[in-house]
>>> print(open('data18.txt').read())   # compact mmCIF, C-alpha atoms and all ligand atoms
# COMPACT_ATOMS: atom_id res chain seq x y z
CA MET B 88 -19.09 38.67 44.58
CA ASP B 89 -17.17 40.11 47.50
CA LEU B 90 -19.99 41.96 49.25
CA GLN B 91 -17.74 43.67 51.75
CA LEU B 92 -15.61 45.05 48.95
CA LEU B 93 -18.78 46.03 47.10
CA HIS B 94 -19.93 48.10 50.09
CA GLN B 95 -16.51 49.72 50.36
CA THR B 96 -16.35 50.49 46.64
CA LEU B 97 -19.82 52.01 46.65
CA ALA B 98 -19.12 54.03 49.78
CA ALA B 99 -15.87 55.36 48.32
CA ARG B 100 -17.80 56.58 45.29
CA GLY B 101 -20.46 58.21 47.47
CA GLU B 102 -23.21 55.99 46.08
CA PRO B 103 -26.52 55.76 47.96
CA ARG B 104 -26.92 52.79 50.27
CA PHE B 105 -29.60 51.04 48.21
CA ARG B 106 -27.13 50.40 45.39
CA ALA B 107 -25.59 47.42 47.13
CA ARG B 108 -29.05 45.87 47.47
CA GLN B 109 -29.81 46.50 43.80
CA ILE B 110 -26.57 44.89 42.71
CA TRP B 111 -26.98 41.90 44.98
CA ALA B 112 -30.55 41.40 43.70
CA TRP B 113 -29.22 41.15 40.14
CA ALA B 114 -26.44 38.78 41.10
CA ALA B 115 -28.84 36.59 43.11
CA LYS B 116 -31.10 36.31 40.07
CA GLY B 117 -28.28 34.95 37.96
CA ALA B 118 -26.97 38.04 36.14
CA ASN B 119 -23.77 37.47 34.18
CA GLY B 120 -22.15 40.78 35.01
CA TYR B 121 -22.64 44.43 35.92
CA GLU B 122 -23.46 45.34 32.32
CA GLU B 123 -26.86 43.63 32.67
CA MET B 124 -27.88 45.78 35.63
CA THR B 125 -30.02 48.23 33.73
CA ASN B 126 -31.21 50.15 36.78
CA LEU B 127 -27.67 51.27 37.60
CA PRO B 128 -26.21 54.42 36.02
CA ALA B 129 -23.92 53.46 33.12
CA PRO B 130 -20.80 55.13 34.61
CA LEU B 131 -21.27 53.08 37.79
CA ARG B 132 -21.63 49.87 35.79
CA ASP B 133 -18.41 50.67 33.95
CA ALA B 134 -16.56 51.57 37.13
CA LEU B 135 -17.64 48.37 38.86
CA SER B 136 -16.65 46.27 35.86
CA ARG B 137 -13.18 47.80 36.08
CA GLU B 138 -12.73 47.79 39.86
CA LEU B 139 -14.60 44.87 41.34
CA PRO B 140 -14.46 41.31 40.03
CA PHE B 141 -18.04 40.10 39.55
CA SER B 142 -17.07 36.77 41.08
CA SER B 143 -14.41 36.01 43.68
CA LEU B 144 -13.78 32.75 41.81
CA ALA B 145 -12.33 32.09 38.37
CA LEU B 146 -13.84 29.13 36.57
CA GLN B 147 -11.01 26.82 35.49
CA SER B 148 -12.95 24.02 33.90
CA GLU B 149 -16.35 22.47 33.82
CA ALA B 150 -17.22 18.82 33.25
CA HIS B 151 -20.65 17.54 32.23
CA ALA B 152 -21.73 14.02 33.15
CA ASN B 153 -24.18 11.93 31.18
CA ASP B 154 -26.76 12.24 33.95
CA GLY B 155 -26.85 16.06 33.73
CA THR B 156 -24.47 16.59 36.64
CA VAL B 157 -22.04 19.47 36.20
CA LYS B 158 -18.76 19.78 38.10
CA ALA B 159 -17.00 23.10 38.18
CA LEU B 160 -13.37 23.58 39.15
CA PHE B 161 -12.60 27.09 40.37
CA ALA B 162 -9.57 28.99 41.58
CA THR B 163 -9.70 31.70 44.22
CA ILE B 164 -7.94 35.02 43.59
CA ASP B 165 -4.86 33.60 45.36
CA GLY B 166 -4.94 30.47 43.22
CA ARG B 167 -6.49 27.92 45.59
CA PRO B 168 -8.48 25.17 43.87
CA LEU B 169 -11.99 24.17 44.85
CA GLU B 170 -14.86 22.31 43.29
CA ALA B 171 -18.63 22.46 43.33
CA VAL B 172 -21.24 20.27 41.71
CA LEU B 173 -24.73 20.79 40.32
CA MET B 174 -27.06 17.80 40.34
CA ARG B 175 -30.18 17.80 38.22
CA TYR B 176 -33.01 15.43 39.09
CA ARG B 177 -35.95 14.31 37.00
CA ASP B 178 -38.50 15.71 39.40
CA GLY B 179 -37.08 19.17 38.75
CA ARG B 180 -34.97 19.44 41.88
CA ARG B 181 -31.63 21.13 41.41
CA SER B 182 -29.15 20.51 44.16
CA ILE B 183 -25.74 22.05 44.50
CA CYS B 184 -22.91 20.59 46.48
CA VAL B 185 -20.53 23.30 47.63
CA SER B 186 -17.07 23.41 49.20
CA SER B 187 -16.31 25.19 52.45
CA GLN B 188 -12.52 24.82 52.27
CA SER B 189 -9.90 24.41 49.58
CA GLY B 190 -8.75 20.88 50.40
CA CYS B 191 -9.46 19.48 53.86
CA PRO B 192 -7.28 19.20 56.98
CA LEU B 193 -9.01 15.98 58.06
CA THR B 194 -7.69 12.73 56.69
CA CYS B 195 -10.60 10.35 56.23
CA THR B 196 -8.97 7.40 54.52
CA PHE B 197 -11.64 6.79 51.85
CA CYS B 198 -12.06 10.38 50.69
CA ALA B 199 -10.14 11.90 47.79
CA THR B 200 -10.26 15.41 49.24
CA GLY B 201 -8.49 14.18 52.38
CA SER B 202 -5.50 13.17 50.30
CA MET B 203 -4.92 16.58 48.72
CA LYS B 204 -3.06 19.39 50.42
CA PHE B 205 -5.16 21.58 52.71
CA GLY B 206 -5.26 25.14 51.39
CA ARG B 207 -7.38 27.40 53.50
CA ASN B 208 -10.88 28.25 54.64
CA LEU B 209 -13.06 29.81 51.95
CA THR B 210 -14.67 33.17 52.59
CA ALA B 211 -18.46 33.57 52.65
CA SER B 212 -18.27 35.25 49.24
CA GLU B 213 -16.29 32.37 47.79
CA ILE B 214 -18.96 29.98 49.04
CA VAL B 215 -21.83 32.10 47.72
CA ASP B 216 -20.09 32.53 44.37
CA GLN B 217 -20.19 28.75 43.85
CA ALA B 218 -23.98 28.91 44.17
CA LEU B 219 -24.16 31.99 41.93
CA HIS B 220 -22.18 30.22 39.25
CA PHE B 221 -24.79 27.48 38.96
CA ARG B 222 -27.65 29.92 39.36
CA LYS B 223 -26.15 31.73 36.39
CA ILE B 224 -25.72 28.72 34.14
CA GLU B 225 -29.23 27.50 34.92
CA SER B 226 -30.83 30.86 34.21
CA SER B 227 -28.82 31.79 31.12
CA ALA B 228 -29.26 28.32 29.67
CA ARG B 229 -32.99 28.75 30.09
CA ARG B 230 -32.88 31.89 28.02
CA ASP B 231 -30.38 30.74 25.43
CA ILE B 232 -31.51 27.28 24.46
CA PRO B 233 -35.27 27.05 24.77
CA SER B 234 -35.42 24.70 21.81
CA ARG B 235 -33.33 21.90 23.35
CA PRO B 236 -35.34 18.69 23.72
CA SER B 237 -37.07 18.71 27.08
CA THR B 238 -36.79 14.97 27.58
CA SER B 239 -33.16 15.00 28.61
CA ILE B 240 -32.75 16.09 32.23
CA GLY B 241 -29.55 17.87 31.39
CA ALA B 242 -31.47 20.20 29.15
CA ARG B 243 -34.41 20.94 31.41
CA ARG B 244 -33.52 24.07 33.29
CA ALA B 245 -34.91 24.92 36.66
CA PRO B 246 -34.07 27.12 39.62
CA ILE B 247 -31.69 25.73 42.20
CA THR B 248 -33.66 24.35 45.13
CA HIS B 249 -31.22 22.62 47.47
CA CYS B 250 -27.71 23.12 48.78
CA VAL B 251 -25.50 20.65 50.60
CA PHE B 252 -22.15 21.47 52.17
CA MET B 253 -20.69 18.17 51.04
CA GLY B 254 -17.99 19.40 48.70
CA MET B 255 -14.41 19.87 49.81
CA GLY B 256 -13.65 20.63 53.39
CA GLU B 257 -15.18 20.40 56.84
CA PRO B 258 -17.85 23.10 57.19
CA MET B 259 -17.66 23.11 61.00
CA LEU B 260 -14.03 24.23 60.81
CA ASN B 261 -15.16 27.31 58.90
CA LEU B 262 -18.56 27.84 60.43
CA ASP B 263 -18.63 31.64 60.51
CA ALA B 264 -18.18 31.86 56.76
CA VAL B 265 -20.54 28.93 56.15
CA LEU B 266 -23.31 30.56 58.20
CA ALA B 267 -22.73 33.94 56.56
CA ALA B 268 -23.08 32.24 53.16
CA CYS B 269 -26.26 30.47 54.34
CA GLU B 270 -27.79 33.85 55.20
CA ARG B 271 -27.51 34.76 51.51
CA LEU B 272 -28.80 31.53 49.97
CA PRO B 273 -32.55 32.28 50.27
CA ASP B 274 -32.03 35.28 47.94
CA ILE B 275 -30.76 32.79 45.36
CA GLY B 276 -33.87 30.64 45.94
CA ILE B 277 -32.42 28.09 48.36
CA THR B 278 -34.25 28.15 51.67
CA HIS B 279 -32.58 27.28 54.95
CA ARG B 280 -34.76 24.20 55.27
CA ARG B 281 -33.29 22.93 52.03
CA THR B 282 -29.72 23.62 53.07
CA THR B 283 -27.72 20.84 54.70
CA ILE B 284 -24.44 21.12 56.56
CA SER B 285 -22.51 17.90 56.66
CA THR B 286 -19.90 17.20 59.30
CA VAL B 287 -17.47 14.50 60.34
CA GLY B 288 -18.86 15.03 63.83
CA TRP B 289 -17.04 18.15 64.97
CA ILE B 290 -18.93 18.59 68.22
CA PRO B 291 -18.35 22.31 68.87
CA GLY B 292 -19.74 23.00 65.40
CA ILE B 293 -22.81 20.82 65.95
CA GLU B 294 -23.42 22.72 69.18
CA ARG B 295 -23.13 26.08 67.48
CA LEU B 296 -25.43 24.98 64.70
CA SER B 297 -28.01 23.99 67.32
CA GLU B 298 -27.87 27.42 68.84
CA GLN B 299 -28.29 29.63 65.83
CA ASP B 300 -31.66 30.59 64.37
CA MET B 301 -31.63 29.41 60.77
CA PRO B 302 -33.53 26.10 60.34
CA LEU B 303 -30.60 24.43 58.58
CA ARG B 304 -30.31 20.69 58.29
CA LEU B 305 -27.51 18.68 59.87
CA ALA B 306 -25.91 15.63 58.28
CA LEU B 307 -23.41 13.46 60.11
CA SER B 308 -20.79 11.39 58.32
CA LEU B 309 -20.69 8.34 60.55
CA HIS B 310 -19.47 5.40 58.45
CA ALA B 311 -18.95 3.00 61.33
CA ALA B 312 -20.79 2.27 64.56
CA ASP B 313 -17.79 1.19 66.61
CA ASP B 314 -14.98 3.43 67.75
CA ALA B 315 -12.08 1.26 66.62
CA LEU B 316 -13.25 1.04 63.03
CA ARG B 317 -14.45 4.61 62.92
CA SER B 318 -11.07 5.87 64.13
CA GLU B 319 -9.41 3.84 61.42
CA LEU B 320 -11.63 5.35 58.72
CA MET B 321 -11.82 8.82 60.22
CA PRO B 322 -8.98 9.79 62.56
CA VAL B 323 -11.13 12.68 63.87
CA ASN B 324 -13.00 10.01 65.86
CA GLU B 325 -10.08 9.96 68.31
CA ARG B 326 -10.92 13.50 69.21
CA TYR B 327 -14.71 13.27 69.10
CA PRO B 328 -15.71 9.66 69.71
CA LEU B 329 -18.87 8.11 68.39
CA ALA B 330 -21.08 8.17 71.49
CA GLU B 331 -20.38 11.84 72.14
CA VAL B 332 -21.02 12.78 68.53
CA VAL B 333 -24.33 10.93 68.46
CA GLU B 334 -25.24 12.61 71.74
CA ALA B 335 -24.51 16.04 70.22
CA CYS B 336 -26.83 15.15 67.33
CA ARG B 337 -29.57 14.15 69.76
CA ALA B 338 -29.17 17.53 71.45
CA PHE B 339 -29.41 19.18 68.02
CA TYR B 340 -32.68 17.36 67.43
CA ALA B 341 -34.02 18.29 70.85
CA ARG B 342 -33.31 21.92 70.12
CA LYS B 343 -34.24 22.21 66.45
CA ARG B 344 -36.74 19.37 65.95
CA ARG B 345 -35.05 18.53 62.69
CA ARG B 346 -34.11 14.98 61.87
CA VAL B 347 -30.38 14.37 61.41
CA PHE B 348 -29.19 12.59 58.28
CA VAL B 349 -26.54 10.00 58.92
CA GLU B 350 -24.22 9.32 56.00
CA TYR B 351 -22.65 5.89 55.79
CA VAL B 352 -20.30 5.02 52.94
CA MET B 353 -20.59 1.32 52.15
CA LEU B 354 -17.15 -0.33 52.01
CA ALA B 355 -16.98 -4.00 51.06
CA GLY B 356 -15.85 -6.22 53.92
CA VAL B 357 -15.13 -3.19 56.10
CA ASN B 358 -18.40 -1.78 57.45
CA ASP B 359 -21.13 -3.61 55.52
CA ARG B 360 -21.79 -6.74 57.62
CA TYR B 361 -25.15 -7.60 59.17
CA GLU B 362 -23.84 -7.21 62.74
CA GLN B 363 -22.57 -3.78 61.78
CA ALA B 364 -26.04 -2.78 60.62
CA LEU B 365 -27.37 -3.92 63.98
CA ALA B 366 -24.71 -1.95 65.82
CA LEU B 367 -25.62 1.13 63.78
CA ALA B 368 -29.32 0.64 64.53
CA ARG B 369 -28.49 0.35 68.25
CA ALA B 370 -26.38 3.50 68.21
CA LEU B 371 -29.18 5.49 66.62
CA ALA B 372 -32.16 3.93 68.39
CA PRO B 373 -34.44 6.01 70.59
CA THR B 374 -33.11 6.07 74.16
CA ARG B 375 -36.55 5.95 75.78
CA GLU B 376 -40.07 4.79 75.02
CA GLY B 377 -42.04 7.06 72.69
CA GLU B 378 -39.05 9.14 71.61
CA PRO B 379 -39.37 10.38 68.02
CA LYS B 380 -37.05 9.03 65.37
CA MET B 381 -34.15 11.45 65.31
CA PHE B 382 -32.02 9.90 62.59
CA LYS B 383 -32.37 8.84 59.02
CA VAL B 384 -29.55 6.87 57.43
CA ASN B 385 -28.36 7.54 53.93
CA LEU B 386 -26.28 4.63 52.63
CA ILE B 387 -23.74 5.88 50.14
CA PRO B 388 -22.37 3.56 47.44
CA TYR B 389 -18.59 4.00 47.55
CA ASN B 390 -17.18 5.99 44.69
CA PRO B 391 -13.74 4.88 43.57
CA THR B 392 -10.81 7.06 44.63
CA ASP B 393 -7.11 6.25 44.86
CA SER B 394 -7.68 4.42 48.14
CA SER B 395 -7.60 0.65 48.41
CA TYR B 396 -11.25 0.23 49.40
CA ARG B 397 -13.87 -1.46 47.30
CA GLY B 398 -17.50 -0.53 47.31
CA SER B 399 -20.11 -2.93 48.69
CA SER B 400 -22.26 -4.71 46.14
CA ARG B 401 -25.80 -3.57 45.47
CA GLU B 402 -27.03 -6.67 47.23
CA SER B 403 -25.06 -6.01 50.41
CA ILE B 404 -26.23 -2.41 50.42
CA ALA B 405 -29.85 -3.54 50.04
CA ALA B 406 -29.41 -6.12 52.82
CA PHE B 407 -27.84 -3.53 55.12
CA ARG B 408 -30.76 -1.23 54.49
CA THR B 409 -33.29 -3.96 55.20
CA ALA B 410 -31.53 -4.76 58.48
CA LEU B 411 -31.65 -1.11 59.55
CA GLU B 412 -35.30 -0.73 58.68
CA ALA B 413 -36.20 -3.98 60.41
CA HIS B 414 -34.74 -2.42 63.54
CA GLY B 415 -36.71 0.78 63.22
CA ILE B 416 -34.15 3.02 61.54
CA PRO B 417 -35.34 4.65 58.30
CA ALA B 418 -32.72 4.26 55.59
CA THR B 419 -32.32 5.18 51.94
CA VAL B 420 -29.62 4.43 49.39
CA ARG B 421 -28.12 7.50 47.81
CA LEU B 422 -28.30 7.83 44.07
CA THR B 423 -24.84 8.10 42.67
CA ARG B 424 -24.42 11.08 40.42
CA GLY B 425 -21.66 12.30 38.18
CA ARG B 426 -19.35 9.34 38.70
CA ASP B 427 -18.11 9.45 35.11
CA ILE B 428 -16.60 12.89 35.75
CA ASP B 429 -15.24 12.22 39.28
CA ALA B 430 -17.92 14.53 40.67
CA ALA B 431 -19.45 12.03 43.05
CA CYS B 432 -19.08 12.14 46.85
CA GLY B 433 -15.50 11.90 47.96
CA GLN B 434 -14.09 12.27 44.46
CA LEU B 435 -13.49 16.00 44.60
CA ALA B 436 -9.76 16.37 44.49
CA ALA B 437 -9.32 19.19 42.02
CA ARG B 438 -7.89 17.05 39.29
CA ARG B 439 -8.19 18.80 35.98
CA GLY B 440 -10.57 17.32 33.48
N1 LIG J 1 -16.33 17.02 55.84
C1 LIG J 1 -17.77 16.93 55.75
C2 LIG J 1 -18.26 17.48 54.45
C3 LIG J 1 -17.84 16.70 53.23
S1 LIG J 1 -19.14 15.65 52.86
C4 LIG J 1 -18.21 15.51 55.98
O1 LIG J 1 -17.37 14.62 55.93
O2 LIG J 1 -19.38 15.29 56.27
C5 LIG J 1 -18.55 14.46 51.88
C6 LIG J 1 -19.42 13.22 52.02
O3 LIG J 1 -18.99 12.29 51.05
C7 LIG J 1 -19.21 12.59 53.38
O4 LIG J 1 -20.34 11.93 53.86
C8 LIG J 1 -18.12 11.59 53.03
O5 LIG J 1 -18.03 10.61 53.96
C9 LIG J 1 -18.60 11.10 51.68
N2 LIG J 1 -17.51 10.47 50.94
C10 LIG J 1 -16.21 10.73 51.02
N3 LIG J 1 -15.50 9.94 50.18
C11 LIG J 1 -16.40 9.16 49.55
C12 LIG J 1 -16.29 8.16 48.53
N4 LIG J 1 -15.12 7.85 48.03
N5 LIG J 1 -17.43 7.58 48.10
C13 LIG J 1 -18.62 7.95 48.58
N6 LIG J 1 -18.78 8.89 49.54
C14 LIG J 1 -17.69 9.49 50.01
>>> encode(input="data18.txt", output="structure tokens", more="lines below")
Ligand code: SAH
Amino acid sequence: MDLQLLHQTLAARGEPRFRARQIWAWAAKGANGYEEMTNLPAPLRDALSRELPFSSLALQSEAHANDGTVKALFATIDGRPLEAVLMRYRDGRRSICVSSQSGCPLTCTFCATGSMKFGRNLTASEIVDQALHFRKIESSARRDIPSRPSTSIGARRAPITHCVFMGMGEPMLNLDAVLAACERLPDIGITHRRTTISTVGWIPGIERLSEQDMPLRLALSLHAADDALRSELMPVNERYPLAEVVEACRAFYARKRRRVFVEYVMLAGVNDRYEQALALARALAPTREGEPKMFKVNLIPYNPTDSSYRGSSRESIAAFRTALEAHGIPATVRLTRGRDIDAACGQLAARRG
């Protein structure tokens, strides 16, 4: 919902100021349209239905994976594609992965989004509308199909609890809109503490994130602990080299007291050797005695894209993790979700299907 346009439309009709709040409250609770907003006068509901699109995004297609993951492909009003993903977990968590841009101007060599054409930054409304879409399907499904078996995770409905900016795009290149969207997420049920902004290491963005008040989480896509390899995988490293990026994350921790998640995609024979785990542990180690642990590494099994990389085996991922932990760096292996529908990390490239 374009909230700015909503305010303008209401003002032009001479509606009282509380109307915008009423309408937003309905939308945030997962309403399907203005017609459900029973505390609005009927003529206003009709007028809004005619004049103001309920969502700034048109759903183009939706794919459902066997594990309950849902990927939605949307188009903006001007026809730009973007994708967002809902992940359902057995413990009841519902996490959405949202896009901040249509396409991405960065060209990380292993990521499918990097190979599609960059479109433009998304507006705050376009970001929020991705969350509202999933809020809507989770709440209407709860009403409509109470009799579905509750054993399958896909069928158990629950409110959305987490949001990660790990869809298409680089959030730090569109930080105003991303932060404006984050301001709205708690109304949908997603607190700031459960919202994570992931970056390639765009230092000015990390600095701005440190300085603003919301207790958002920071994730850093690192993928290699030496500059030569990192530059090969992520050309942005030429601009913001490893040591400086890690330093910016330490400053973020010092300011916010929130541990930084380090994402590391495991590529066979490229960044998964024992010495590379040691180099990563060194890069992230405390710089002085008694310093708290500032980083937690999330090892990401590589999801196939059109690139020529191969994913590391389960065994090499486990060994890499053991090496990190033996050197004092907490590490987990990310569960892969939605791979059968190309909804997993790095697979978002707006292919139809
Ligand atoms: N531009 C931001 C936000 C996108 S996050 C960032 O890079 O952090 C997308 C995450 O998925 C990043 O950690 C990225 O490195 C990871 N990723 C990209 N391609 C992948 C692939 N093919 N398999 C697994 N993870 C991938």
>>> atom_distance(input="data18.txt", atom1="atom CA of Ala366 of chain B", atom2="atom CA of Cys198 of chain B")
23.3 Å
>>> atom_distance(input="data18.txt", atom1="atom CA of Leu144 of chain B", atom2="atom O3 of ligand LIG 1 (chain J)")
23.0 Å
>>> residues_near_ligand(input="data18.txt", ligand="ligand LIG 1 (chain J)", cutoff="7 Å", atoms="only C-alpha atoms and all ligand atoms", output="count of residues only")
29
>>> atom_distance(input="data18.txt", atom1="atom CA of Tyr327 of chain B", atom2="atom CA of Leu296 of chain B")
16.5 Å
>>> axis_aligned_box(input="data18.txt", around="segment 98-107 of chain B", padding_each_side="5 Å", output="JSON")
{"center_x": -22.7, "center_y": 52.8, "center_z": 47.8, "size_x": 23.7, "size_y": 20.8, "size_z": 15.0}
>>> residues_around(input="data18.txt", residues="Pro291 of chain B", least_positions_apart="2", cutoff="12 Å", atoms="all atoms listed in the file", output="short mmCIF file (atom, residue, chain, number, x, y, z; two decimals) with C-alpha atoms, in the coordinates of the input")
data_model
loop_
_atom_site.label_atom_id
_atom_site.label_comp_id
_atom_site.auth_asym_id
_atom_site.auth_seq_id
_atom_site.Cartn_x
_atom_site.Cartn_y
_atom_site.Cartn_z
CA PRO B 258 -17.85 23.10 57.19
CA MET B 259 -17.66 23.11 61.00
CA LEU B 260 -14.03 24.23 60.81
CA ASN B 261 -15.16 27.31 58.90
CA LEU B 262 -18.56 27.84 60.43
CA THR B 286 -19.90 17.20 59.30
CA VAL B 287 -17.47 14.50 60.34
CA GLY B 288 -18.86 15.03 63.83
CA TRP B 289 -17.04 18.15 64.97
CA ILE B 293 -22.81 20.82 65.95
CA GLU B 294 -23.42 22.72 69.18
CA ARG B 295 -23.13 26.08 67.48
CA LEU B 296 -25.43 24.98 64.70
CA SER B 297 -28.01 23.99 67.32
CA GLU B 298 -27.87 27.42 68.84
CA ARG B 326 -10.92 13.50 69.21
CA TYR B 327 -14.71 13.27 69.10
CA GLU B 331 -20.38 11.84 72.14
CA VAL B 332 -21.02 12.78 68.53
CA ALA B 335 -24.51 16.04 70.22
CA CYS B 336 -26.83 15.15 67.33
CA PHE B 339 -29.41 19.18 68.02
#
>>> build_atoms(input="data18.txt", residues="segment 310-318 of chain B", atoms="all heavy atoms", output="tab-separated table (two decimals), in the coordinates of the input")
chain	number	residue	atom	x	y	z
B	310	HIS	N	-20.27	6.42	59.13
B	310	HIS	CA	-19.47	5.40	58.45
B	310	HIS	C	-19.10	4.15	59.23
B	310	HIS	O	-18.67	3.17	58.63
B	310	HIS	CB	-18.20	5.99	57.83
B	310	HIS	CG	-18.46	7.21	57.00
B	310	HIS	ND1	-19.49	7.28	56.10
B	310	HIS	CD2	-17.83	8.41	56.94
B	310	HIS	CE1	-19.48	8.47	55.52
B	310	HIS	NE2	-18.50	9.18	56.01
B	311	ALA	N	-19.20	4.21	60.55
B	311	ALA	CA	-18.95	3.00	61.33
B	311	ALA	C	-19.58	3.21	62.70
B	311	ALA	O	-19.57	4.33	63.21
B	311	ALA	CB	-17.45	2.75	61.50
B	312	ALA	N	-20.12	2.14	63.27
B	312	ALA	CA	-20.79	2.27	64.56
B	312	ALA	C	-19.94	1.73	65.70
B	312	ALA	O	-20.44	1.50	66.80
B	312	ALA	CB	-22.16	1.60	64.52
B	313	ASP	N	-18.66	1.48	65.47
B	313	ASP	CA	-17.79	1.19	66.61
B	313	ASP	C	-16.54	2.06	66.52
B	313	ASP	O	-16.08	2.40	65.43
B	313	ASP	CB	-17.45	-0.31	66.70
B	313	ASP	CG	-16.45	-0.74	65.65
B	313	ASP	OD1	-16.90	-1.09	64.54
B	313	ASP	OD2	-15.23	-0.70	65.93
B	314	ASP	N	-16.05	2.43	67.70
B	314	ASP	CA	-14.98	3.43	67.75
B	314	ASP	C	-13.70	2.99	67.06
B	314	ASP	O	-13.05	3.78	66.40
B	314	ASP	CB	-14.67	3.81	69.21
B	314	ASP	CG	-15.64	4.87	69.72
B	314	ASP	OD1	-15.81	5.89	69.01
B	314	ASP	OD2	-16.22	4.69	70.79
B	315	ALA	N	-13.35	1.70	67.20
B	315	ALA	CA	-12.08	1.26	66.62
B	315	ALA	C	-12.10	1.42	65.11
B	315	ALA	O	-11.18	2.02	64.52
B	315	ALA	CB	-11.81	-0.19	67.00
B	316	LEU	N	-13.17	0.94	64.49
B	316	LEU	CA	-13.25	1.04	63.03
B	316	LEU	C	-13.42	2.49	62.59
B	316	LEU	O	-12.80	2.94	61.62
B	316	LEU	CB	-14.42	0.18	62.51
B	316	LEU	CG	-14.66	0.24	61.00
B	316	LEU	CD1	-13.41	-0.22	60.23
B	316	LEU	CD2	-15.87	-0.60	60.59
B	317	ARG	N	-14.22	3.22	63.33
B	317	ARG	CA	-14.45	4.61	62.92
B	317	ARG	C	-13.15	5.41	62.99
B	317	ARG	O	-12.85	6.23	62.13
B	317	ARG	CB	-15.54	5.26	63.78
B	317	ARG	CG	-16.00	6.61	63.22
B	317	ARG	CD	-17.31	7.07	63.81
B	317	ARG	NE	-17.80	8.25	63.09
B	317	ARG	CZ	-17.59	9.49	63.44
B	317	ARG	NH1	-16.91	9.77	64.55
B	317	ARG	NH2	-18.05	10.49	62.70
B	318	SER	N	-12.34	5.15	64.01
B	318	SER	CA	-11.07	5.87	64.13
B	318	SER	C	-10.13	5.52	62.98
B	318	SER	O	-9.35	6.34	62.52
B	318	SER	CB	-10.37	5.54	65.45
B	318	SER	OG	-11.13	6.03	66.52
